[in-house]
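Undergrad: For reference, this is entry.cif, and it has mmCIF, C-alpha atoms and all ligand atoms.
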data_coords
loop_
_atom_site.group_PDB
_atom_site.id
_atom_site.type_symbol
_atom_site.label_atom_id
_atom_site.label_comp_id
_atom_site.auth_asym_id
_atom_site.auth_seq_id
_atom_site.Cartn_x
_atom_site.Cartn_y
_atom_site.Cartn_z
ATOM 1 C CA MET B 281 4.637 1.686 33.001
ATOM 2 C CA ASP B 282 2.863 3.797 30.348
ATOM 3 C CA TYR B 283 2.740 2.521 26.789
ATOM 4 C CA VAL B 284 2.385 4.103 23.354
ATOM 5 C CA SER B 285 1.350 2.300 20.188
ATOM 6 C CA VAL B 286 3.625 1.794 17.188
ATOM 7 C CA ARG B 287 2.743 0.570 13.724
ATOM 8 C CA VAL B 288 3.934 -2.873 12.730
ATOM 9 C CA SER B 289 4.701 -1.443 9.277
ATOM 10 C CA THR B 290 7.500 0.663 10.798
ATOM 11 C CA LEU B 291 9.381 -2.346 12.197
ATOM 12 C CA ARG B 292 11.504 -3.238 9.185
ATOM 13 C CA GLY B 293 15.086 -3.869 8.182
ATOM 14 C CA ASP B 294 18.336 -5.144 9.638
ATOM 15 C CA GLN B 295 18.822 -2.418 12.233
ATOM 16 C CA LYS B 296 18.514 -3.891 15.722
ATOM 17 C CA ILE B 297 15.900 -2.290 17.953
ATOM 18 C CA LYS B 298 17.024 -0.808 21.255
ATOM 19 C CA PHE B 299 13.652 -1.159 22.948
ATOM 20 C CA ASN B 300 11.187 -3.858 23.906
ATOM 21 C CA VAL B 301 7.936 -4.211 21.968
ATOM 22 C CA TYR B 302 4.742 -5.417 23.610
ATOM 23 C CA VAL B 303 1.471 -6.854 22.438
ATOM 24 C CA GLN B 304 -1.764 -6.107 24.257
ATOM 25 C CA ILE B 305 -3.783 -9.155 25.213
ATOM 26 C CA ASN B 306 -6.993 -8.271 27.026
ATOM 27 C CA ASP B 307 -5.776 -5.682 29.532
ATOM 28 C CA LYS B 308 -2.243 -6.960 29.780
ATOM 29 C CA MET B 309 0.919 -5.932 27.960
ATOM 30 C CA ILE B 310 2.987 -8.986 27.057
ATOM 31 C CA LEU B 311 6.622 -8.682 25.988
ATOM 32 C CA TYR B 312 6.562 -9.702 22.339
ATOM 33 C CA ILE B 313 9.748 -8.562 20.595
ATOM 34 C CA ARG B 314 12.961 -8.056 22.467
ATOM 35 C CA ASP B 315 15.530 -5.305 22.492
ATOM 36 C CA GLY B 316 18.216 -6.557 20.044
ATOM 37 C CA ASP B 317 15.902 -8.065 17.436
ATOM 38 C CA SER B 318 15.635 -6.906 13.804
ATOM 39 C CA PHE B 319 13.008 -7.424 11.088
ATOM 40 C CA GLU B 320 14.367 -8.374 7.723
ATOM 41 C CA GLY B 321 13.554 -11.316 5.422
ATOM 42 C CA THR B 322 11.941 -14.301 7.118
ATOM 43 C CA ARG B 323 11.585 -12.440 10.438
ATOM 44 C CA LEU B 324 9.556 -9.771 8.676
ATOM 45 C CA LYS B 325 7.433 -12.450 7.040
ATOM 46 C CA ARG B 326 6.739 -14.059 10.404
ATOM 47 C CA LEU B 327 5.856 -10.721 11.971
ATOM 48 C CA LYS B 328 3.419 -9.926 9.157
ATOM 49 C CA GLU B 329 1.844 -13.359 9.407
ATOM 50 C CA LYS B 330 0.742 -12.537 12.945
ATOM 51 C CA LYS B 331 -1.646 -9.969 11.407
ATOM 52 C CA LEU B 332 -1.190 -7.529 14.267
ATOM 53 C CA LYS B 333 -2.277 -3.966 13.631
ATOM 54 C CA LYS B 334 -0.605 -2.236 16.546
ATOM 55 C CA LEU B 335 2.165 -3.035 18.958
ATOM 56 C CA TYR B 336 3.286 -1.087 21.991
ATOM 57 C CA ILE B 337 6.476 0.315 23.451
ATOM 58 C CA SER B 338 7.162 1.911 26.795
ATOM 59 C CA GLN B 339 6.626 5.651 26.707
ATOM 60 C CA ASP B 340 10.180 6.023 28.059
ATOM 61 C CA ASP B 341 11.491 4.416 24.858
ATOM 62 C CA GLU B 342 9.714 6.777 22.488
ATOM 63 C CA SER B 343 12.820 8.744 21.561
ATOM 64 C CA LYS B 344 14.747 5.501 20.905
ATOM 65 C CA TYR B 345 11.908 4.439 18.610
ATOM 66 C CA ARG B 346 12.000 7.774 16.758
ATOM 67 C CA ASP B 347 15.781 7.477 16.311
ATOM 68 C CA TYR B 348 15.268 3.963 14.950
ATOM 69 C CA LEU B 349 12.751 5.255 12.390
ATOM 70 C CA LEU B 350 14.987 8.100 11.246
ATOM 71 C CA VAL B 351 18.064 5.912 10.833
ATOM 72 C CA ASN B 352 16.030 3.289 8.983
ATOM 73 C CA ILE B 353 14.511 5.687 6.462
ATOM 74 C CA GLU B 354 17.763 7.520 5.854
ATOM 75 C CA ARG B 355 19.711 4.327 5.199
ATOM 76 C CA ALA B 356 16.954 2.943 2.984
ATOM 77 C CA TYR B 357 16.723 5.954 0.659
ATOM 78 C CA ASP B 358 20.476 6.584 0.572
ATOM 79 C CA LYS B 359 21.707 5.609 -2.893
ATOM 80 C CA GLN B 360 25.232 5.061 -1.553
ATOM 81 C CA SER B 361 23.885 2.811 1.166
ATOM 82 C CA ASN B 362 25.664 -0.490 1.695
ATOM 83 C CA VAL B 363 22.409 -2.085 2.826
ATOM 84 C CA ASP B 364 21.202 -4.684 0.309
ATOM 85 C CA ILE B 365 18.349 -3.729 -2.013
ATOM 86 C CA GLN B 366 15.840 -6.213 -0.581
ATOM 87 C CA THR B 367 16.276 -4.827 2.944
ATOM 88 C CA ARG B 368 16.054 -1.255 1.649
ATOM 89 C CA ALA B 369 12.875 -2.204 -0.215
ATOM 90 C CA GLU B 370 11.379 -3.743 2.935
ATOM 91 C CA ILE B 371 11.997 -0.587 4.953
ATOM 92 C CA ILE B 372 10.677 1.701 2.216
ATOM 93 C CA GLN B 373 7.633 -0.494 1.575
ATOM 94 C CA GLY B 374 6.863 -0.404 5.294
ATOM 95 C CA SER B 375 7.272 3.327 5.532
ATOM 96 C CA GLN B 376 4.961 3.884 2.537
ATOM 97 C CA GLN B 377 2.425 1.537 4.095
ATOM 98 C CA CYS B 378 2.674 3.472 7.348
ATOM 99 C CA ASN B 379 2.000 6.736 5.471
ATOM 100 C CA VAL B 380 -1.149 5.213 3.965
ATOM 101 C CA GLU B 381 -2.358 4.051 7.379
ATOM 102 C CA GLU B 382 -1.773 7.523 8.837
ATOM 103 C CA VAL B 383 -3.813 9.223 6.099
ATOM 104 C CA PHE B 384 -6.599 6.631 6.299
ATOM 105 C CA GLU B 385 -6.896 7.058 10.067
ATOM 106 C CA ASN B 386 -6.547 10.843 10.002
ATOM 107 C CA PRO B 387 -7.791 12.133 6.621
ATOM 108 C CA GLU B 388 -8.443 15.554 8.141
ATOM 109 C CA ASN B 389 -4.780 15.891 9.082
ATOM 110 C CA ALA B 390 -3.007 17.965 6.406
ATOM 111 C CA GLU B 391 0.422 17.060 7.758
ATOM 112 C CA ALA B 392 -0.186 13.316 7.398
ATOM 113 C CA TYR B 393 -1.311 13.908 3.802
ATOM 114 C CA ASN B 394 1.662 16.099 2.997
ATOM 115 C CA ILE B 395 4.115 13.570 4.419
ATOM 116 C CA ALA B 396 2.516 10.860 2.262
ATOM 117 C CA LYS B 397 2.650 13.186 -0.760
ATOM 118 C CA GLU B 398 6.315 14.129 -0.338
ATOM 119 C CA SER B 399 7.281 10.538 0.365
ATOM 120 C CA ALA B 400 5.425 9.430 -2.777
ATOM 121 C CA ALA B 401 7.850 11.516 -4.865
ATOM 122 C CA LYS B 402 10.814 9.885 -3.083
ATOM 123 C CA TYR B 403 9.223 6.509 -3.695
ATOM 124 C CA VAL B 404 9.110 7.144 -7.459
ATOM 125 C CA GLN B 405 12.833 7.995 -7.395
ATOM 126 C CA PHE B 406 13.583 4.820 -5.489
ATOM 127 C CA LEU B 407 11.510 2.576 -7.756
ATOM 128 C CA LEU B 408 12.907 3.955 -10.988
ATOM 129 C CA GLY B 409 16.451 4.564 -9.736
ATOM 130 C CA HIS B 410 17.463 0.971 -9.091
ATOM 131 C CA SER B 411 16.958 -1.933 -11.478
ATOM 132 C CA GLN B 412 15.849 -4.319 -8.717
ATOM 133 C CA ALA B 413 13.723 -1.908 -6.661
ATOM 134 C CA ILE B 414 10.310 -2.685 -8.165
ATOM 135 C CA ARG B 415 10.952 -6.407 -7.996
ATOM 136 C CA SER B 416 12.190 -6.225 -4.416
ATOM 137 C CA VAL B 417 9.124 -4.317 -3.206
ATOM 138 C CA LEU B 418 6.713 -6.645 -5.012
ATOM 139 C CA ASN B 419 8.521 -9.645 -3.541
ATOM 140 C CA ILE B 420 7.197 -8.743 -0.097
ATOM 141 C CA GLU B 421 4.083 -10.795 0.378
ATOM 142 C CA ASN B 422 0.921 -9.121 1.624
ATOM 143 C CA THR B 423 0.418 -11.982 4.057
ATOM 144 C CA ASP B 424 -1.775 -9.919 6.374
ATOM 145 C CA GLN B 425 -3.903 -8.808 3.376
ATOM 146 C CA THR B 426 -4.101 -5.186 4.388
ATOM 147 C CA ILE B 427 -5.546 -2.449 2.230
ATOM 148 C CA SER B 428 -2.484 -0.342 3.036
ATOM 149 C CA HIS B 429 -0.035 -2.936 1.678
ATOM 150 C CA HIS B 430 -2.344 -3.380 -1.330
ATOM 151 C CA GLY B 431 -2.070 0.401 -1.819
ATOM 152 C CA VAL B 432 1.734 0.224 -1.897
ATOM 153 C CA ASN B 433 1.588 -2.609 -4.443
ATOM 154 C CA VAL B 434 -0.862 -0.712 -6.666
ATOM 155 C CA SER B 435 1.343 2.362 -6.417
ATOM 156 C CA THR B 436 4.364 0.290 -7.443
ATOM 157 C CA TYR B 437 2.637 -1.256 -10.474
ATOM 158 C CA ALA B 438 1.268 2.168 -11.426
ATOM 159 C CA VAL B 439 4.703 3.828 -11.312
ATOM 160 C CA SER B 440 6.171 1.068 -13.454
ATOM 161 C CA LEU B 441 3.308 1.345 -15.949
ATOM 162 C CA GLY B 442 3.416 5.151 -16.029
ATOM 163 C CA HIS B 443 7.137 4.995 -16.758
ATOM 164 C CA LYS B 444 6.541 2.514 -19.571
ATOM 165 C CA LEU B 445 3.864 4.803 -21.051
ATOM 166 C CA GLY B 446 6.264 7.743 -21.064
ATOM 167 C CA ILE B 447 4.884 9.770 -18.151
ATOM 168 C CA ILE B 448 7.952 11.601 -16.915
ATOM 169 C CA ASP B 449 6.633 14.844 -15.435
ATOM 170 C CA ASP B 450 7.546 14.822 -11.715
ATOM 171 C CA LYS B 451 4.179 16.140 -10.578
ATOM 172 C CA GLN B 452 2.342 13.526 -12.627
ATOM 173 C CA THR B 453 4.450 10.626 -11.376
ATOM 174 C CA GLN B 454 4.024 11.868 -7.813
ATOM 175 C CA MET B 455 0.223 11.933 -8.248
ATOM 176 C CA LEU B 456 0.334 8.484 -9.806
ATOM 177 C CA ALA B 457 2.280 7.033 -6.876
ATOM 178 C CA LEU B 458 0.111 8.800 -4.292
ATOM 179 C CA GLY B 459 -3.111 7.859 -6.077
ATOM 180 C CA GLY B 460 -2.053 4.211 -6.037
ATOM 181 C CA LEU B 461 -1.277 4.400 -2.326
ATOM 182 C CA LEU B 462 -4.563 6.021 -1.348
ATOM 183 C CA HIS B 463 -6.991 4.663 -3.985
ATOM 184 C CA ASP B 464 -8.902 2.413 -1.574
ATOM 185 C CA TYR B 465 -9.464 4.983 1.141
ATOM 186 C CA GLY B 466 -13.173 4.099 0.918
ATOM 187 C CA HIS B 467 -12.477 0.577 2.198
ATOM 188 C CA SER B 468 -11.091 2.020 5.411
ATOM 189 C CA ILE B 469 -14.463 3.605 6.174
ATOM 190 C CA THR B 470 -16.593 0.480 5.799
ATOM 191 C CA GLN B 471 -15.906 -3.023 7.005
ATOM 192 C CA PHE B 472 -13.591 -4.642 4.475
ATOM 193 C CA VAL B 473 -13.469 -8.432 4.344
ATOM 194 C CA PRO B 474 -10.370 -9.207 2.287
ATOM 195 C CA ASN B 475 -11.061 -12.857 1.512
ATOM 196 C CA LYS B 476 -14.641 -12.528 0.381
ATOM 197 C CA LEU B 477 -14.853 -12.868 -3.388
ATOM 198 C CA ILE B 478 -17.401 -10.740 -5.222
ATOM 199 C CA PRO B 479 -19.489 -13.738 -6.456
ATOM 200 C CA ASP B 480 -19.792 -14.946 -2.839
ATOM 201 C CA MET B 481 -21.147 -11.654 -1.470
ATOM 202 C CA THR B 482 -24.760 -11.192 -0.445
ATOM 203 C CA THR B 483 -26.660 -8.341 -2.130
ATOM 204 C CA ASP B 484 -26.134 -6.150 0.949
ATOM 205 C CA GLU B 485 -22.428 -6.956 1.154
ATOM 206 C CA LEU B 486 -22.020 -6.181 -2.534
ATOM 207 C CA THR B 487 -23.782 -2.834 -2.119
ATOM 208 C CA VAL B 488 -21.408 -1.868 0.700
ATOM 209 C CA TYR B 489 -18.417 -3.132 -1.251
ATOM 210 C CA LYS B 490 -19.346 -1.210 -4.387
ATOM 211 C CA SER B 491 -19.933 1.967 -2.427
ATOM 212 C CA HIS B 492 -16.248 2.341 -1.518
ATOM 213 C CA PRO B 493 -15.065 4.616 -4.357
ATOM 214 C CA GLU B 494 -17.870 7.137 -4.013
ATOM 215 C CA LEU B 495 -17.971 6.987 -0.231
ATOM 216 C CA GLY B 496 -14.235 7.606 -0.042
ATOM 217 C CA ALA B 497 -14.234 10.456 -2.561
ATOM 218 C CA ASN B 498 -17.233 12.159 -0.970
ATOM 219 C CA LYS B 499 -15.654 12.070 2.471
ATOM 220 C CA LEU B 500 -12.536 13.799 1.166
ATOM 221 C CA GLN B 501 -14.184 16.344 -1.110
ATOM 222 C CA ASP B 502 -14.124 19.144 1.477
ATOM 223 C CA LYS B 503 -10.547 18.466 2.628
ATOM 224 C CA LYS B 504 -8.610 21.334 1.101
ATOM 225 C CA HIS B 505 -5.237 19.629 1.482
ATOM 226 C CA PHE B 506 -6.252 16.750 -0.810
ATOM 227 C CA ASP B 507 -5.336 17.127 -4.479
ATOM 228 C CA GLN B 508 -8.338 16.832 -6.803
ATOM 229 C CA GLN B 509 -6.426 14.291 -8.898
ATOM 230 C CA ILE B 510 -6.235 11.975 -5.892
ATOM 231 C CA ILE B 511 -9.954 12.333 -5.216
ATOM 232 C CA GLN B 512 -10.597 11.507 -8.898
ATOM 233 C CA ILE B 513 -8.540 8.336 -8.595
ATOM 234 C CA ILE B 514 -10.351 7.320 -5.399
ATOM 235 C CA MET B 515 -13.705 7.910 -7.093
ATOM 236 C CA LYS B 516 -12.983 6.258 -10.458
ATOM 237 C CA HIS B 517 -10.396 3.508 -9.964
ATOM 238 C CA GLU B 518 -13.030 0.732 -10.222
ATOM 239 C CA GLU B 519 -14.393 1.980 -13.553
ATOM 240 C CA TYR B 520 -13.598 0.015 -16.733
ATOM 241 C CA ILE B 521 -12.994 1.683 -20.099
ATOM 242 C CA ASP B 522 -15.923 -0.243 -21.658
ATOM 243 C CA GLY B 523 -18.439 1.208 -19.201
ATOM 244 C CA THR B 524 -18.923 -1.997 -17.179
ATOM 245 C CA GLY B 525 -17.169 -0.795 -14.031
ATOM 246 C CA TYR B 526 -18.592 1.079 -11.047
ATOM 247 C CA PRO B 527 -19.864 3.295 -9.476
ATOM 248 C CA HIS B 528 -20.953 5.213 -12.591
ATOM 249 C CA GLY B 529 -20.227 2.961 -15.576
ATOM 250 C CA LEU B 530 -17.978 5.611 -17.121
ATOM 251 C CA MET B 531 -16.262 5.124 -20.478
ATOM 252 C CA GLU B 532 -12.591 5.520 -21.455
ATOM 253 C CA LYS B 533 -13.075 9.140 -22.532
ATOM 254 C CA ASP B 534 -14.340 10.028 -19.030
ATOM 255 C CA LEU B 535 -11.281 8.596 -17.299
ATOM 256 C CA ASP B 536 -8.053 10.578 -17.070
ATOM 257 C CA PRO B 537 -4.792 8.732 -17.867
ATOM 258 C CA LEU B 538 -3.579 8.475 -14.253
ATOM 259 C CA THR B 539 -6.890 7.033 -13.066
ATOM 260 C CA GLN B 540 -6.794 4.479 -15.881
ATOM 261 C CA ILE B 541 -3.294 3.407 -14.865
ATOM 262 C CA VAL B 542 -4.232 2.991 -11.191
ATOM 263 C CA GLY B 543 -7.334 1.094 -12.309
ATOM 264 C CA THR B 544 -5.321 -1.499 -14.227
ATOM 265 C CA ALA B 545 -2.756 -1.787 -11.421
ATOM 266 C CA ASN B 546 -5.610 -2.332 -8.957
ATOM 267 C CA THR B 547 -7.149 -5.110 -11.048
ATOM 268 C CA LEU B 548 -3.842 -6.987 -11.101
ATOM 269 C CA ASP B 549 -3.124 -6.691 -7.390
ATOM 270 C CA ARG B 550 -6.695 -7.616 -6.477
ATOM 271 C CA MET B 551 -6.321 -10.842 -8.448
ATOM 272 C CA LEU B 552 -3.044 -11.706 -6.742
ATOM 273 C CA VAL B 553 -3.806 -10.716 -3.171
ATOM 274 C CA PHE B 554 -7.556 -10.957 -2.671
ATOM 275 C CA GLU B 555 -8.579 -13.494 -5.322
ATOM 276 C CA HIS B 556 -5.519 -15.694 -4.687
ATOM 277 C CA VAL B 557 -4.651 -16.181 -8.356
ATOM 278 C CA PRO B 558 -1.152 -17.750 -8.380
ATOM 279 C CA LYS B 559 1.615 -15.522 -9.755
ATOM 280 C CA ASP B 560 2.387 -17.882 -12.644
ATOM 281 C CA GLU B 561 -1.243 -17.867 -13.779
ATOM 282 C CA VAL B 562 -2.112 -14.208 -13.292
ATOM 283 C CA SER B 563 -0.732 -12.896 -16.599
ATOM 284 C CA LYS B 564 -2.881 -15.340 -18.531
ATOM 285 C CA LYS B 565 -5.950 -14.616 -16.431
ATOM 286 C CA LEU B 566 -5.441 -10.863 -16.833
ATOM 287 C CA MET B 567 -5.299 -11.190 -20.617
ATOM 288 C CA MET B 568 -8.204 -13.620 -20.774
ATOM 289 C CA THR B 569 -10.637 -11.734 -18.560
ATOM 290 C CA LYS B 570 -9.729 -8.032 -18.723
ATOM 291 C CA VAL B 571 -9.043 -7.251 -22.380
ATOM 292 C CA GLY B 572 -11.445 -4.458 -23.345
ATOM 293 C CA LYS B 573 -11.848 -3.377 -19.711
ATOM 294 C CA HIS B 574 -8.401 -1.831 -19.410
ATOM 295 C CA PRO B 575 -6.211 -0.412 -22.210
ATOM 296 C CA LEU B 576 -4.323 -3.229 -23.945
ATOM 297 C CA PRO B 577 -0.823 -1.685 -23.518
ATOM 298 C CA HIS B 578 -1.486 -1.555 -19.740
ATOM 299 C CA LEU B 579 -2.416 -5.220 -19.589
ATOM 300 C CA GLN B 580 0.536 -6.198 -21.746
ATOM 301 C CA HIS B 581 3.053 -4.311 -19.618
ATOM 302 C CA LEU B 582 1.751 -5.623 -16.302
ATOM 303 C CA ALA B 583 1.468 -9.175 -17.633
ATOM 304 C CA GLU B 584 5.146 -8.973 -18.635
ATOM 305 C CA LEU B 585 6.218 -7.288 -15.383
ATOM 306 C CA ILE B 586 4.650 -9.923 -13.171
ATOM 307 C CA LYS B 587 6.552 -12.656 -14.985
ATOM 308 C CA THR B 588 9.800 -11.090 -13.730
ATOM 309 C CA ILE B 589 8.756 -10.993 -10.063
HETATM 310 FE FE FE K 601 -11.070 -0.283 -4.877
HETATM 311 FE FE FE K 602 -7.836 -1.607 -4.619
#
What is this structure when it is put down as structure tokens?
Ligand SMILES: [Fe+2]
Ligand SMILES: [Fe+2]

TA:
Amino acid sequence: MDYVSVRVSTLRGDQKIKFNVYVQINDKMILYIRDGDSFEGTRLKRLKEKKLKKLYISQDDESKYRDYLLVNIERAYDKQSNVDIQTRAEIIQGSQQCNVEEVFENPENAEAYNIAKESAAKYVQFLLGHSQAIRSVLNIENTDQTISHHGVNVSTYAVSLGHKLGIIDDKQTQMLALGGLLHDYGHSITQFVPNKLIPDMTTDELTVYKSHPELGANKLQDKKHFDQQIIQIIMKHEEYIDGTGYPHGLMEKDLDPLTQIVGTANTLDRMLVFEHVPKDEVSKKLMMTKVGKHPLPHLQHLAELIKTI
């Protein structure tokens, strides 16, 4: 039998699969998820906990897999859908994460970028069009600590913050969502160790870590299909408004509003996911350690938002 790989981030929701899914162990394909299973709630959590990057299906089942994807996405974005909001959020979160992974693995592919870009606009509509959407997406734990899931979280916080700050232009909100999704492209180029805290890094590790914004932006600079705003966000999302960020120690006046928003959103999600600050302590920690580094209204909004999750 011939096999093709599928992304774990696409296996989401209450729709039962009509194909077997395999995991590769050494040279062998082992049946891992059976025809008839679905991936909502606790099942999704368990699947993510396995920290698998790729799974496999039989090549003969490829069209069944594609049908599954189409039905899933359509049902999830359909406002009249009778699927509950948490399940819709899980499918949409997974599909956004998948878009990020596709762009990170194939940055030269204009189609992958354009799919991510168009889907980012749909994502904004979803997040702002349902009172529980933002909460439902942020409820999904990033148990496998991926940069792609982190990107979806940052995008979600950024859209919420942009909305609060009165950014309503469709193009701007689309760039904000997409910038959040793709901001850490640089981490996909170098080895990223999610659990290593900055104070615990060796000098060499810190140098590699701190190179990610510039490395990412430089690699994309000649890709005509990338919007300059997105490259700006990738380059400057680790800067702080007081000049103490990196790579260039820029000040508030050098940072455009969308980059500043993604920057604050990134700080919050880093604390929660990679620094393991508990949810009920993160608002306090954000206000105690980041005032002056991010605009105060940003910190205030995100500190309030996280209390509702
Ligand atoms: Fe970053
Ligand atoms: Fe980040």

Undergrad: So that I can check the surroundings of Leu418 (chain B), please list as a list in words every protein, DNA and RNA residue that reaches within 8 Å of it, counting all atoms listed in the file and ignoring chain neighbours fewer than 5 positions away.

TA: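 Once the nearby chain positions are removed, what remains is Asn433, Thr436 and Ile589 of chain B.
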
Undergrad: Please list as a PyMOL selection string every residue within 10 Å of region 439-444 of chain B, counting all atoms listed in the file and excluding residues in the same chain fewer than 2 positions away.

TA: chain B and resi 403-405+407-408+414+433-437+446-449+452-458+460+537-538+541-542+544-545+577-582+585

Undergrad: For the structure provided, state which residues fall under the PyMOL selection byres (((not hetatm)) within 10 of (chain K and resi 602)), and present them as number ranges by chain.

TA: B: 427-428, 430-431, 433-434, 460-467, 492-493, 514, 517-518, 542-550, 554

Undergrad: In Å to one decimal, how far is CA of Glu385 (chain B) from CA of Val432 (chain B)?

TA: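 A separation of 16.3 Å between them.
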
Undergrad: Taking the file as I've supplied it (selection: the PyMOL selection byres (((chain B and resi 379) around 12) and not hetatm)), which residues are included? Please answer as a ChimeraX atom specification.

TA: /B:287,289-290,372-378,380-387,389,391-400,403,428-429,431-432,458,461-462

Undergrad: Given all atoms listed in the file as the basis, pick out the residue of B:Gly529, B:Pro558, B:Gly409, B:Gly496 nearest to ligand FE 601 (chain K).

TA: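 Closest residue, counting all atoms listed in the file: B:Gly496.
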